[in-house]
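Asker: So here's entry.csv (CSV, C-alpha atoms).
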```csv
chain,number,residue,atom,x,y,z
A,63,MET,CA,-0.5,42.7,-33.2
A,64,ASN,CA,-1.1,41.4,-29.6
A,65,ASN,CA,-2.6,38.2,-30.9
A,66,ASN,CA,0.4,37.7,-33.1
A,67,ASN,CA,2.8,38.1,-30.2
A,68,GLU,CA,1.0,35.6,-28.1
A,69,LYS,CA,1.3,33.1,-31.0
A,70,GLU,CA,4.9,33.8,-31.3
A,71,GLN,CA,5.5,33.3,-27.6
A,72,GLN,CA,4.1,29.9,-27.7
A,73,SER,CA,6.4,28.6,-30.3
A,74,THR,CA,9.6,30.7,-29.8
A,75,THR,CA,10.5,30.1,-26.1
A,76,HIS,CA,12.0,26.9,-24.8
A,77,LYS,CA,12.8,25.8,-21.3
A,78,ILE,CA,16.0,27.3,-20.0
A,79,GLY,CA,17.3,23.7,-19.3
A,80,ILE,CA,17.9,22.9,-23.0
A,81,TYR,CA,20.2,26.0,-23.4
A,82,LEU,CA,22.1,25.2,-20.2
A,83,TRP,CA,22.6,21.6,-21.3
A,84,ILE,CA,23.9,22.6,-24.7
A,85,TRP,CA,26.1,25.2,-23.1
A,86,GLY,CA,27.6,22.7,-20.8
A,87,LEU,CA,28.1,20.2,-23.6
A,88,LEU,CA,29.9,22.8,-25.6
A,89,PHE,CA,32.3,23.4,-22.7
A,90,VAL,CA,32.9,19.7,-22.2
A,91,LEU,CA,33.5,19.2,-26.0
A,92,SER,CA,35.9,22.2,-26.2
A,93,PHE,CA,37.8,20.8,-23.2
A,94,PHE,CA,38.1,17.4,-24.9
A,95,SER,CA,39.4,19.0,-28.1
A,96,TYR,CA,41.9,20.9,-26.1
A,97,MET,CA,42.9,17.6,-24.4
A,98,VAL,CA,43.7,16.2,-27.9
A,99,ASP,CA,46.5,18.8,-28.1
A,100,TRP,CA,47.5,18.5,-24.5
A,101,TYR,CA,48.2,14.7,-24.8
A,102,GLN,CA,49.7,15.2,-28.2
A,103,PHE,CA,47.8,12.5,-30.0
A,104,GLN,CA,49.2,12.0,-33.5
A,105,GLY,CA,48.2,10.7,-36.8
A,106,MET,CA,44.7,9.5,-37.7
A,107,LEU,CA,43.6,9.4,-34.1
A,108,ARG,CA,44.3,13.1,-33.7
A,109,TRP,CA,42.6,14.1,-37.0
A,110,SER,CA,39.5,12.0,-36.4
A,111,LEU,CA,39.1,13.3,-32.8
A,112,ILE,CA,39.5,16.9,-33.9
A,113,LEU,CA,36.9,16.5,-36.7
A,114,PHE,CA,34.5,14.6,-34.5
A,115,PHE,CA,34.5,17.2,-31.7
A,116,MET,CA,34.4,20.0,-34.3
A,117,PHE,CA,31.3,18.7,-36.1
A,118,LEU,CA,29.6,17.9,-32.9
A,119,LYS,CA,30.1,21.4,-31.6
A,120,ALA,CA,29.1,23.0,-34.9
A,121,GLY,CA,26.0,20.8,-35.0
A,122,LEU,CA,25.0,21.7,-31.4
A,123,ILE,CA,25.4,25.4,-32.0
A,124,MET,CA,23.5,25.4,-35.2
A,125,ALA,CA,20.7,23.1,-34.1
A,126,PHE,CA,19.9,24.6,-30.7
A,127,PHE,CA,21.6,28.0,-30.3
A,128,MET,CA,20.7,29.0,-33.8
A,129,HIS,CA,17.3,27.2,-33.5
A,130,LEU,CA,17.6,25.3,-36.8
A,131,PHE,CA,16.2,22.2,-35.0
A,132,TRP,CA,12.9,24.0,-34.6
A,133,GLU,CA,12.9,25.7,-38.0
A,134,ARG,CA,10.8,24.6,-41.0
A,135,TYR,CA,12.6,22.3,-43.5
A,136,ALA,CA,12.2,24.9,-46.2
A,137,LEU,CA,14.8,27.1,-44.4
A,138,VAL,CA,17.0,24.3,-43.1
A,139,ASN,CA,17.5,22.7,-46.5
A,140,VAL,CA,18.2,26.0,-48.2
A,141,LEU,CA,20.9,26.5,-45.7
A,142,LEU,CA,22.5,23.1,-45.5
A,143,TRP,CA,22.5,21.9,-49.2
A,144,PRO,CA,24.9,24.6,-50.4
A,145,MET,CA,27.5,23.0,-48.0
A,146,THR,CA,27.9,20.2,-50.5
A,147,ALA,CA,29.4,22.7,-52.9
A,148,ILE,CA,32.0,23.4,-50.2
A,149,ALA,CA,32.7,19.7,-49.8
A,150,CYS,CA,33.2,19.5,-53.6
A,151,PHE,CA,35.6,22.4,-53.5
A,152,ILE,CA,37.6,20.8,-50.7
A,153,PHE,CA,37.8,17.6,-52.7
A,154,LEU,CA,39.0,19.5,-55.8
A,155,MET,CA,41.6,21.4,-53.8
A,156,VAL,CA,42.9,18.3,-52.1
A,157,SER,CA,43.8,16.7,-55.4
A,158,GLU,CA,45.2,20.1,-56.5
A,159,PHE,CA,47.6,20.4,-53.5
A,160,LYS,CA,48.7,16.8,-53.9
A,161,TYR,CA,49.6,17.5,-57.5
A,162,THR,CA,51.4,20.8,-56.6
A,163,VAL,CA,53.5,19.1,-53.9
A,164,PHE,CA,54.3,16.2,-56.2
A,165,THR,CA,55.6,18.6,-59.0
A,166,ARG,CA,57.6,20.5,-56.4
A,167,PHE,CA,59.3,17.4,-55.2
A,168,PHE,CA,59.7,16.1,-58.7
A,169,TYR,CA,61.4,19.2,-60.1
A,170,PHE,CA,63.1,20.8,-57.1
A,171,VAL,CA,64.3,17.7,-55.2
A,172,VAL,CA,64.5,14.9,-57.7
A,173,GLY,CA,65.5,17.3,-60.5
A,174,GLY,CA,62.9,16.4,-63.1
B,27,MET,CA,12.0,29.7,-34.8
B,28,SER,CA,9.3,29.5,-37.4
B,29,ASP,CA,5.8,29.3,-36.2
B,30,PRO,CA,3.7,26.9,-38.3
B,31,LYS,CA,0.5,28.7,-37.4
B,32,ILE,CA,1.6,32.2,-38.2
B,33,GLU,CA,0.2,32.3,-41.7
B,34,GLY,CA,-3.2,31.6,-40.3
B,35,PHE,CA,-3.5,27.9,-41.3
B,36,ASP,CA,-1.7,24.7,-40.2
B,37,LEU,CA,1.4,23.9,-42.1
B,38,LYS,CA,2.7,20.4,-42.7
B,39,PRO,CA,5.9,19.4,-41.1
B,40,GLY,CA,8.9,17.6,-42.7
B,41,PHE,CA,9.8,17.2,-46.3
B,42,SER,CA,6.2,17.3,-47.6
B,43,GLY,CA,5.8,20.6,-45.8
B,44,MET,CA,9.0,21.8,-47.4
B,45,ALA,CA,7.7,20.9,-50.9
B,46,LYS,CA,4.4,22.7,-50.1
B,47,ASP,CA,6.2,25.8,-48.7
B,48,THR,CA,8.6,26.0,-51.7
B,49,ALA,CA,5.8,25.5,-54.3
B,50,SER,CA,3.4,28.0,-52.6
B,51,ASP,CA,2.6,31.2,-54.3
B,52,GLN,CA,3.4,33.3,-51.3
B,53,THR,CA,6.4,33.5,-48.9
B,54,MET,CA,8.7,30.4,-49.0
B,55,PHE,CA,10.0,30.7,-45.5
B,56,LYS,CA,6.7,30.5,-43.7
B,57,GLY,CA,6.5,32.0,-40.3
B,58,VAL,CA,10.1,33.3,-40.5
B,59,HIS,CA,10.6,37.0,-40.1
B,60,TRP,CA,12.1,38.5,-43.3
B,61,GLY,CA,15.0,40.0,-41.3
B,62,LYS,CA,15.9,36.5,-40.0
B,63,ALA,CA,15.7,34.9,-43.4
B,64,MET,CA,18.0,37.7,-44.8
B,65,MET,CA,20.5,37.2,-41.9
B,66,TRP,CA,20.6,33.5,-42.7
B,67,ILE,CA,21.3,34.2,-46.4
B,68,PHE,CA,24.0,36.6,-45.3
B,69,LEU,CA,25.5,34.0,-43.0
B,70,LEU,CA,25.4,31.5,-45.8
B,71,SER,CA,27.5,33.8,-48.0
B,72,ASP,CA,29.8,34.5,-45.1
B,73,THR,CA,30.2,30.7,-44.7
B,74,PHE,CA,31.5,30.6,-48.3
B,75,ILE,CA,34.0,33.4,-47.6
B,76,PHE,CA,35.4,31.6,-44.5
B,77,SER,CA,35.4,28.3,-46.4
B,78,CYS,CA,37.5,29.9,-49.2
B,79,PHE,CA,40.0,31.1,-46.6
B,80,LEU,CA,40.2,27.8,-44.8
B,81,ILE,CA,40.4,25.8,-48.1
B,82,SER,CA,43.2,28.1,-49.4
B,83,TYR,CA,45.0,27.5,-46.1
B,84,MET,CA,44.6,23.8,-46.6
B,85,LYS,CA,46.0,24.1,-50.1
B,86,GLY,CA,48.9,26.3,-49.0
B,87,ARG,CA,49.8,24.1,-46.1
B,88,GLY,CA,49.4,20.9,-48.1
B,89,SER,CA,51.6,22.0,-51.0
B,90,THR,CA,54.5,23.5,-49.1
B,91,MET,CA,57.8,21.6,-48.9
B,92,VAL,CA,59.0,23.4,-45.8
B,93,GLU,CA,57.8,22.1,-42.4
B,94,TRP,CA,54.7,23.8,-41.1
B,95,PRO,CA,55.2,25.6,-37.7
B,96,ASN,CA,54.0,23.6,-34.7
B,97,ALA,CA,50.9,25.4,-33.6
B,98,SER,CA,50.9,24.1,-30.0
B,99,GLU,CA,54.4,25.6,-29.5
B,100,VAL,CA,53.9,28.8,-31.5
B,101,PHE,CA,50.7,29.6,-29.6
B,102,GLY,CA,51.9,28.3,-26.2
B,103,LEU,CA,52.3,30.5,-23.2
B,104,HIS,CA,54.9,30.6,-20.5
B,105,VAL,CA,53.1,31.0,-17.2
B,106,PHE,CA,54.5,30.5,-13.7
B,107,GLY,CA,57.6,28.9,-15.1
B,108,VAL,CA,55.7,26.2,-17.1
B,109,ASP,CA,55.1,26.1,-20.9
B,110,VAL,CA,51.4,25.5,-21.5
B,111,PRO,CA,50.5,24.6,-25.1
B,112,LEU,CA,47.7,26.6,-26.8
B,113,LEU,CA,46.7,28.2,-23.4
B,114,LEU,CA,45.6,31.5,-24.8
B,115,ILE,CA,43.6,29.9,-27.6
B,116,ALA,CA,41.9,27.6,-25.1
B,117,ILE,CA,40.9,30.5,-22.9
B,118,MET,CA,39.7,32.5,-26.0
B,119,THR,CA,37.6,29.4,-27.0
B,120,PHE,CA,36.0,29.2,-23.6
B,121,VAL,CA,35.3,33.0,-23.5
B,122,LEU,CA,33.6,32.8,-26.9
B,123,ILE,CA,31.5,29.8,-25.9
B,124,THR,CA,30.5,31.6,-22.7
B,125,SER,CA,29.4,34.6,-24.7
B,126,SER,CA,27.5,32.4,-27.1
B,127,GLY,CA,25.6,30.8,-24.2
B,128,THR,CA,24.7,34.2,-22.7
B,129,MET,CA,23.4,35.3,-26.1
B,130,ALA,CA,21.2,32.2,-26.5
B,131,LEU,CA,19.7,33.0,-23.1
B,132,ALA,CA,19.3,36.7,-24.1
B,133,VAL,CA,17.2,35.6,-27.1
B,134,LYS,CA,15.1,33.4,-24.8
B,135,TYR,CA,14.5,36.1,-22.3
B,136,GLY,CA,13.8,38.6,-25.1
B,137,TYR,CA,11.0,36.4,-26.4
B,138,GLU,CA,9.7,36.2,-22.9
B,139,ARG,CA,9.7,40.1,-22.9
B,140,ASN,CA,11.9,40.1,-19.9
B,141,LYS,CA,13.7,43.4,-20.7
B,142,LYS,CA,16.1,43.5,-17.7
B,143,MET,CA,17.5,39.9,-18.1
B,144,CYS,CA,17.7,40.3,-21.9
B,145,GLY,CA,19.6,43.5,-21.6
B,146,TRP,CA,22.1,42.3,-19.0
B,147,LEU,CA,22.7,39.1,-20.9
B,148,ILE,CA,23.4,41.0,-24.1
B,149,LEU,CA,25.8,43.2,-22.2
B,150,ALA,CA,27.5,40.1,-20.8
B,151,THR,CA,27.8,38.8,-24.3
B,152,ALA,CA,29.3,42.1,-25.5
B,153,ILE,CA,31.9,42.0,-22.6
B,154,GLY,CA,32.8,38.4,-23.5
B,155,GLY,CA,33.3,39.5,-27.1
B,156,LEU,CA,35.4,42.4,-26.0
B,157,THR,CA,37.6,40.1,-23.9
B,158,PHE,CA,38.0,37.9,-26.9
B,159,VAL,CA,39.1,40.7,-29.2
B,160,GLY,CA,41.5,42.0,-26.5
B,161,MET,CA,43.2,38.5,-26.2
B,162,GLN,CA,43.4,38.3,-29.9
B,163,ALA,CA,45.2,41.7,-30.0
B,164,PHE,CA,47.6,40.4,-27.4
B,165,GLU,CA,48.2,37.3,-29.4
B,166,TRP,CA,48.8,39.3,-32.6
B,167,SER,CA,51.3,41.6,-30.9
B,168,LYS,CA,53.1,38.7,-29.3
B,169,LEU,CA,53.6,37.0,-32.6
B,170,ILE,CA,54.6,40.2,-34.4
B,171,HIS,CA,57.2,40.7,-31.6
B,172,GLU,CA,58.5,37.2,-32.3
B,173,GLY,CA,59.0,38.1,-35.9
B,174,VAL,CA,55.9,36.6,-37.6
B,175,ARG,CA,55.1,38.5,-40.8
B,176,PRO,CA,52.8,37.7,-43.7
B,177,TRP,CA,55.8,36.8,-45.8
B,178,GLU,CA,58.2,35.1,-43.2
B,179,ASN,CA,58.4,33.7,-39.7
B,180,PRO,CA,61.1,32.1,-37.6
B,181,PHE,CA,59.2,28.9,-37.1
B,182,GLY,CA,58.8,27.3,-40.5
B,183,ALA,CA,56.9,27.6,-43.7
B,184,PRO,CA,56.6,31.3,-44.7
B,185,GLN,CA,52.9,31.0,-45.7
B,186,PHE,CA,52.0,30.5,-42.1
B,187,GLY,CA,51.9,34.2,-41.3
B,188,SER,CA,49.7,35.3,-44.2
B,189,PHE,CA,47.1,32.6,-43.5
B,190,PHE,CA,47.2,33.3,-39.8
B,191,PHE,CA,46.7,37.1,-40.1
B,192,MET,CA,44.1,36.8,-42.8
B,193,ILE,CA,41.9,34.1,-41.2
B,194,THR,CA,42.1,35.3,-37.6
B,195,GLY,CA,42.0,38.9,-38.7
B,196,PHE,CA,38.8,38.4,-40.7
B,197,HIS,CA,37.2,36.5,-37.8
B,198,GLY,CA,38.4,39.2,-35.3
B,199,THR,CA,36.8,41.8,-37.6
B,200,HIS,CA,33.5,39.9,-37.4
B,201,VAL,CA,33.8,39.8,-33.6
B,202,THR,CA,34.5,43.5,-33.4
B,203,PHE,CA,31.5,44.4,-35.4
B,204,GLY,CA,29.4,42.0,-33.4
B,205,VAL,CA,30.5,43.7,-30.2
B,206,ILE,CA,29.6,47.1,-31.5
B,207,PHE,CA,26.1,45.9,-32.4
B,208,LEU,CA,25.8,44.1,-29.1
B,209,PHE,CA,26.4,47.4,-27.2
B,210,ILE,CA,23.9,49.2,-29.5
B,211,TYR,CA,21.3,46.5,-29.0
B,212,ALA,CA,21.9,46.4,-25.2
B,213,TYR,CA,21.1,50.1,-25.2
B,214,LYS,CA,18.0,49.6,-27.3
B,215,THR,CA,16.8,46.8,-25.1
B,216,PHE,CA,17.2,48.8,-21.9
B,217,ALA,CA,15.6,51.8,-23.5
B,218,GLY,CA,12.6,49.7,-24.2
B,219,HIS,CA,12.7,50.1,-28.0
B,220,TYR,CA,11.5,46.5,-28.5
B,221,ASP,CA,8.7,46.8,-26.0
B,222,GLU,CA,7.3,50.0,-27.6
B,223,GLY,CA,7.9,48.9,-31.2
B,224,LYS,CA,10.2,51.9,-31.8
B,225,ARG,CA,11.5,52.1,-35.4
B,226,GLY,CA,15.2,51.7,-36.1
B,227,TRP,CA,17.5,54.1,-37.9
B,228,PHE,CA,17.5,52.8,-41.4
B,229,THR,CA,14.3,50.9,-41.5
B,230,THR,CA,10.6,51.3,-41.2
B,231,MET,CA,10.4,48.0,-39.4
B,232,LYS,CA,9.0,48.3,-35.9
B,233,GLY,CA,11.3,47.2,-33.1
B,234,ASP,CA,10.6,43.7,-31.9
B,235,TYR,CA,12.5,41.1,-29.9
B,236,VAL,CA,13.0,39.1,-33.1
B,237,GLU,CA,15.8,41.6,-33.7
B,238,ILE,CA,17.6,40.1,-30.7
B,239,GLU,CA,17.3,36.7,-32.3
B,240,ILE,CA,18.7,38.0,-35.6
B,241,LEU,CA,21.7,39.5,-33.7
B,242,GLY,CA,22.0,36.2,-31.9
B,243,LEU,CA,22.2,34.3,-35.2
B,244,TYR,CA,25.2,36.5,-36.2
B,245,TRP,CA,26.9,36.1,-32.9
B,246,HIS,CA,26.5,32.3,-32.8
B,247,PHE,CA,27.8,32.2,-36.4
B,248,VAL,CA,31.0,34.0,-35.2
B,249,ASP,CA,31.3,31.3,-32.5
B,250,LEU,CA,30.7,28.6,-35.1
B,251,VAL,CA,33.5,29.9,-37.4
B,252,TRP,CA,35.8,29.9,-34.4
B,253,VAL,CA,35.0,26.2,-33.9
B,254,PHE,CA,36.4,25.5,-37.4
B,255,ILE,CA,39.4,27.9,-37.1
B,256,PHE,CA,40.2,26.3,-33.7
B,257,ALA,CA,40.1,22.8,-35.2
B,258,PHE,CA,41.9,23.5,-38.5
B,259,PHE,CA,44.3,26.2,-37.7
B,260,TYR,CA,45.3,25.6,-34.0
B,261,LEU,CA,44.8,21.9,-33.4
B,262,TRP,CA,45.5,20.3,-36.8
```
Kindly transcribe the structure held in the file into structure tokens.
Answerer:
Amino acid sequence: MNNNNEKEQQSTTHKIGIYLWIWGLLFVLSFFSYMVDWYQFQGMLRWSLILFFMFLKAGLIMAFFMHLFWERYALVNVLLWPMTAIACFIFLMVSEFKYTVFTRFFYFVVGG
Amino acid sequence: MSDPKIEGFDLKPGFSGMAKDTASDQTMFKGVHWGKAMMWIFLLSDTFIFSCFLISYMKGRGSTMVEWPNASEVFGLHVFGVDVPLLLIAIMTFVLITSSGTMALAVKYGYERNKKMCGWLILATAIGGLTFVGMQAFEWSKLIHEGVRPWENPFGAPQFGSFFFMITGFHGTHVTFGVIFLFIYAYKTFAGHYDEGKRGWFTTMKGDYVEIEILGLYWHFVDLVWVFIFAFFYLW
């Protein structure tokens, strides 16, 4: 048991600096994404900035706070590949809402 | 974090290691505590639930013919005579990130068997979570006073209310349960259950600081979901 713990300690602790760095970066990125709204950027610029900061924050949290960066690939891949199913679902629903809004305009506004 | 030496022999890194782990006759997630693997599987399923909510929100918002309420005005606050857009949401975001940081440090100190620091940091995390839930309750009551209902609201498309209450409510429920468990784990840490290896209530598993990491995974996930809600619901 003791031996086991010693082994675990070697691999499971990291220097405090890495956590503080990620923490600080998350604050800065959140501040930036708030600034997107503050300055009222519009259109493609707004959406690309929102997505950029969002994915960066999500990636940092998962990689370092949730330790995925240090995990074995067997676990990481089991967790990340199912996300492609979500991407497919998003793709399907985008074409679905485009069709819905088209029919609504066609029948309610244009009159069929 | 998985320990490549925990199974008693060296494991290969990278994709060849993954192929070997997956094809091996024994455990697939080598060096990963079973509780941690199960928490990850749970979080994966939770990801799908939240994705379904956010995708249905996307579909509802995309297919409505009425203008969607302007989030930065709806969630703005009037402080000291100035209208600040999204102020409350920004503070909530910072509070949640702060609590996520303290949780990450609690996990680190837990593995270093630093009972005091670990306990205090979990307590700080719990208080951050409690603050978040409190501000969310304030936000809800403010919007309900302004006439936002799941079926109508004075700002625009009627679907806004149902998506708002469903998504933030489900997330708030997660935070609430997280806070309850954080308080329990803070008590267990201070009481030394993880040093002595005391068994939990519903398990024969001996107490170990890996439980702090499992709780930490859940808490970071709550923060992770908020990153997506903040981007899609409040900023978009």
Asker: So how many Å separate atom CA of B:Tyr83 and atom CA of B:Val121, to one decimal?
Answerer: 25.2 Å
Asker: Which residues come within 7 Å of A:Phe159, counting all atoms listed in the file, excluding same-chain residues fewer than 3 positions away, as a PyMOL selection string?
Answerer: (chain A and resi 155-156+162-163) or (chain B and resi 85+88-89)
Asker: Please provide the set of residues having any atom within 9 Å of B:Met143, restricted to only C-alpha atoms, with same-chain residues fewer than 6 positions apart removed, written as a list in words.
Answerer: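 Near B:Met143, the qualifying residues are Leu131, Ala132, Tyr135 and Gly136 of chain B.
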Asker: Can I get the selected residues back with C-alpha atoms, as a PDB file, in the coordinates of the input?
Answerer:
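And here is the file that came out, selection-v2.pdb:
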```
ATOM      1  CA  LEU B 131      19.700  33.000 -23.100  1.00  0.00           C
ATOM      2  CA  ALA B 132      19.300  36.700 -24.100  1.00  0.00           C
ATOM      3  CA  TYR B 135      14.500  36.100 -22.300  1.00  0.00           C
ATOM      4  CA  GLY B 136      13.800  38.600 -25.100  1.00  0.00           C
TER       5      GLY B 136
END
```
Asker: For chain B, list the residues within 7 Å of chain A, counting all atoms listed in the file, and write the list as a count of residues only.
Answerer: 31
Asker: Extract, using only C-alpha atoms, all DNA, RNA and protein residues at most 12 Å from stretch 212-219 of chain B, discarding same-chain residues fewer than 3 positions from it, and format them as a PyMOL selection string.
Answerer: chain B and resi 129+132-133+135-137+139-153+204-209+222-227+231-238+241
Asker: Between atom CA of B:Val100 and atom CA of B:Gly86, what is the distance, to one decimal in Å?
Answerer: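 Spanning atom CA of B:Val100 to atom CA of B:Gly86 is a straight-line distance of 18.4 Å.
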Asker: Hey, can you check how far atom CA of B:Val110 sits from atom CA of B:Phe259?
Answerer: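 Atom CA of B:Phe259 lies 17.7 Å from atom CA of B:Val110.
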Asker: Would you give me, as CSV, each residue of stretch 31-129 of chain B having an atom within 12 Å of an atom of stretch 189-200 of chain B, along with its shortest atom pair and that distance in Å to one decimal, using only C-alpha atoms and sorting by chain and residue number?
Answerer:
```
residue,atom,partner,partner_atom,distance
B:Leu69,CA,B:His200,CA,11.4
B:Asp72,CA,B:His200,CA,10.1
B:Thr73,CA,B:His197,CA,11.4
B:Ile75,CA,B:Phe196,CA,9.8
B:Phe76,CA,B:Ile193,CA,7.7
B:Ser77,CA,B:Ile193,CA,10.1
B:Cys78,CA,B:Ile193,CA,10.0
B:Phe79,CA,B:Ile193,CA,6.5
B:Leu80,CA,B:Ile193,CA,7.5
B:Ile81,CA,B:Phe189,CA,10.6
B:Ser82,CA,B:Phe189,CA,8.4
B:Tyr83,CA,B:Phe189,CA,6.1
B:Met84,CA,B:Phe189,CA,9.7
B:Lys85,CA,B:Phe189,CA,10.8
B:Gly86,CA,B:Phe189,CA,8.6
B:Arg87,CA,B:Phe189,CA,9.3
B:Trp94,CA,B:Phe189,CA,11.9
B:Pro95,CA,B:Phe190,CA,11.3
B:Ala97,CA,B:Phe190,CA,10.7
B:Val100,CA,B:Phe190,CA,11.6
B:Phe101,CA,B:Phe190,CA,11.4
B:Ile115,CA,B:Thr194,CA,11.5
B:Met118,CA,B:Gly198,CA,11.5
B:Leu122,CA,B:Gly198,CA,11.6
```
Asker: Considering all atoms listed in the file, return as a CSV table (one decimal) with C-alpha atoms, keeping the file's coordinate frame whatever protein or nucleic-acid residues lie within 8 Å of stretch 172-177 of chain B, sequence-local ones (same chain, fewer than 4 positions apart) excluded.
Answerer:
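Output file selection.csv follows:
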```csv
chain,number,residue,atom,x,y,z
B,168,LYS,CA,53.1,38.7,-29.3
B,184,PRO,CA,56.6,31.3,-44.7
B,185,GLN,CA,52.9,31.0,-45.7
B,186,PHE,CA,52.0,30.5,-42.1
B,187,GLY,CA,51.9,34.2,-41.3
B,188,SER,CA,49.7,35.3,-44.2
B,189,PHE,CA,47.1,32.6,-43.5
B,191,PHE,CA,46.7,37.1,-40.1
```
Asker: Since the input lacks some atoms of stretch 140-155 of chain B, please model N, CA and C atoms and print them as a PDB file, in the frame of the given file.
Answerer:
```pdb
ATOM      1  N   ASN B 140      11.285  39.783 -21.141  1.00  0.00           N
ATOM      2  CA  ASN B 140      11.900  40.100 -19.900  1.00  0.00           C
ATOM      3  C   ASN B 140      13.072  41.078 -20.212  1.00  0.00           C
ATOM      4  N   LYS B 141      12.757  42.369 -20.171  1.00  0.00           N
ATOM      5  CA  LYS B 141      13.700  43.400 -20.700  1.00  0.00           C
ATOM      6  C   LYS B 141      14.991  43.413 -19.913  1.00  0.00           C
ATOM      7  N   LYS B 142      14.900  43.368 -18.579  1.00  0.00           N
ATOM      8  CA  LYS B 142      16.100  43.500 -17.700  1.00  0.00           C
ATOM      9  C   LYS B 142      17.072  42.343 -18.018  1.00  0.00           C
ATOM     10  N   MET B 143      16.577  41.106 -17.895  1.00  0.00           N
ATOM     11  CA  MET B 143      17.500  39.900 -18.100  1.00  0.00           C
ATOM     12  C   MET B 143      18.059  39.964 -19.481  1.00  0.00           C
ATOM     13  N   CYS B 144      17.218  40.254 -20.468  1.00  0.00           N
ATOM     14  CA  CYS B 144      17.700  40.300 -21.900  1.00  0.00           C
ATOM     15  C   CYS B 144      18.800  41.285 -22.022  1.00  0.00           C
ATOM     16  N   GLY B 145      18.605  42.486 -21.510  1.00  0.00           N
ATOM     17  CA  GLY B 145      19.600  43.500 -21.600  1.00  0.00           C
ATOM     18  C   GLY B 145      20.925  43.171 -20.968  1.00  0.00           C
ATOM     19  N   TRP B 146      20.828  42.678 -19.735  1.00  0.00           N
ATOM     20  CA  TRP B 146      22.100  42.300 -19.000  1.00  0.00           C
ATOM     21  C   TRP B 146      22.807  41.188 -19.704  1.00  0.00           C
ATOM     22  N   LEU B 147      22.042  40.229 -20.245  1.00  0.00           N
ATOM     23  CA  LEU B 147      22.700  39.100 -20.900  1.00  0.00           C
ATOM     24  C   LEU B 147      23.381  39.576 -22.214  1.00  0.00           C
ATOM     25  N   ILE B 148      22.752  40.511 -22.929  1.00  0.00           N
ATOM     26  CA  ILE B 148      23.400  41.000 -24.100  1.00  0.00           C
ATOM     27  C   ILE B 148      24.678  41.783 -23.739  1.00  0.00           C
ATOM     28  N   LEU B 149      24.596  42.527 -22.634  1.00  0.00           N
ATOM     29  CA  LEU B 149      25.800  43.200 -22.200  1.00  0.00           C
ATOM     30  C   LEU B 149      26.888  42.260 -21.789  1.00  0.00           C
ATOM     31  N   ALA B 150      26.522  41.162 -21.118  1.00  0.00           N
ATOM     32  CA  ALA B 150      27.500  40.100 -20.800  1.00  0.00           C
ATOM     33  C   ALA B 150      28.144  39.563 -22.025  1.00  0.00           C
ATOM     34  N   THR B 151      27.314  39.338 -23.054  1.00  0.00           N
ATOM     35  CA  THR B 151      27.800  38.800 -24.300  1.00  0.00           C
ATOM     36  C   THR B 151      28.824  39.801 -24.933  1.00  0.00           C
ATOM     37  N   ALA B 152      28.464  41.100 -24.891  1.00  0.00           N
ATOM     38  CA  ALA B 152      29.300  42.100 -25.500  1.00  0.00           C
ATOM     39  C   ALA B 152      30.689  42.127 -24.745  1.00  0.00           C
ATOM     40  N   ILE B 153      30.637  41.999 -23.412  1.00  0.00           N
ATOM     41  CA  ILE B 153      31.900  42.000 -22.600  1.00  0.00           C
ATOM     42  C   ILE B 153      32.727  40.791 -22.953  1.00  0.00           C
ATOM     43  N   GLY B 154      32.069  39.645 -23.104  1.00  0.00           N
ATOM     44  CA  GLY B 154      32.800  38.400 -23.500  1.00  0.00           C
ATOM     45  C   GLY B 154      33.474  38.636 -24.862  1.00  0.00           C
ATOM     46  N   GLY B 155      32.754  39.231 -25.807  1.00  0.00           N
ATOM     47  CA  GLY B 155      33.300  39.500 -27.100  1.00  0.00           C
ATOM     48  C   GLY B 155      34.493  40.445 -27.065  1.00  0.00           C
TER      49      GLY B 155
END
```
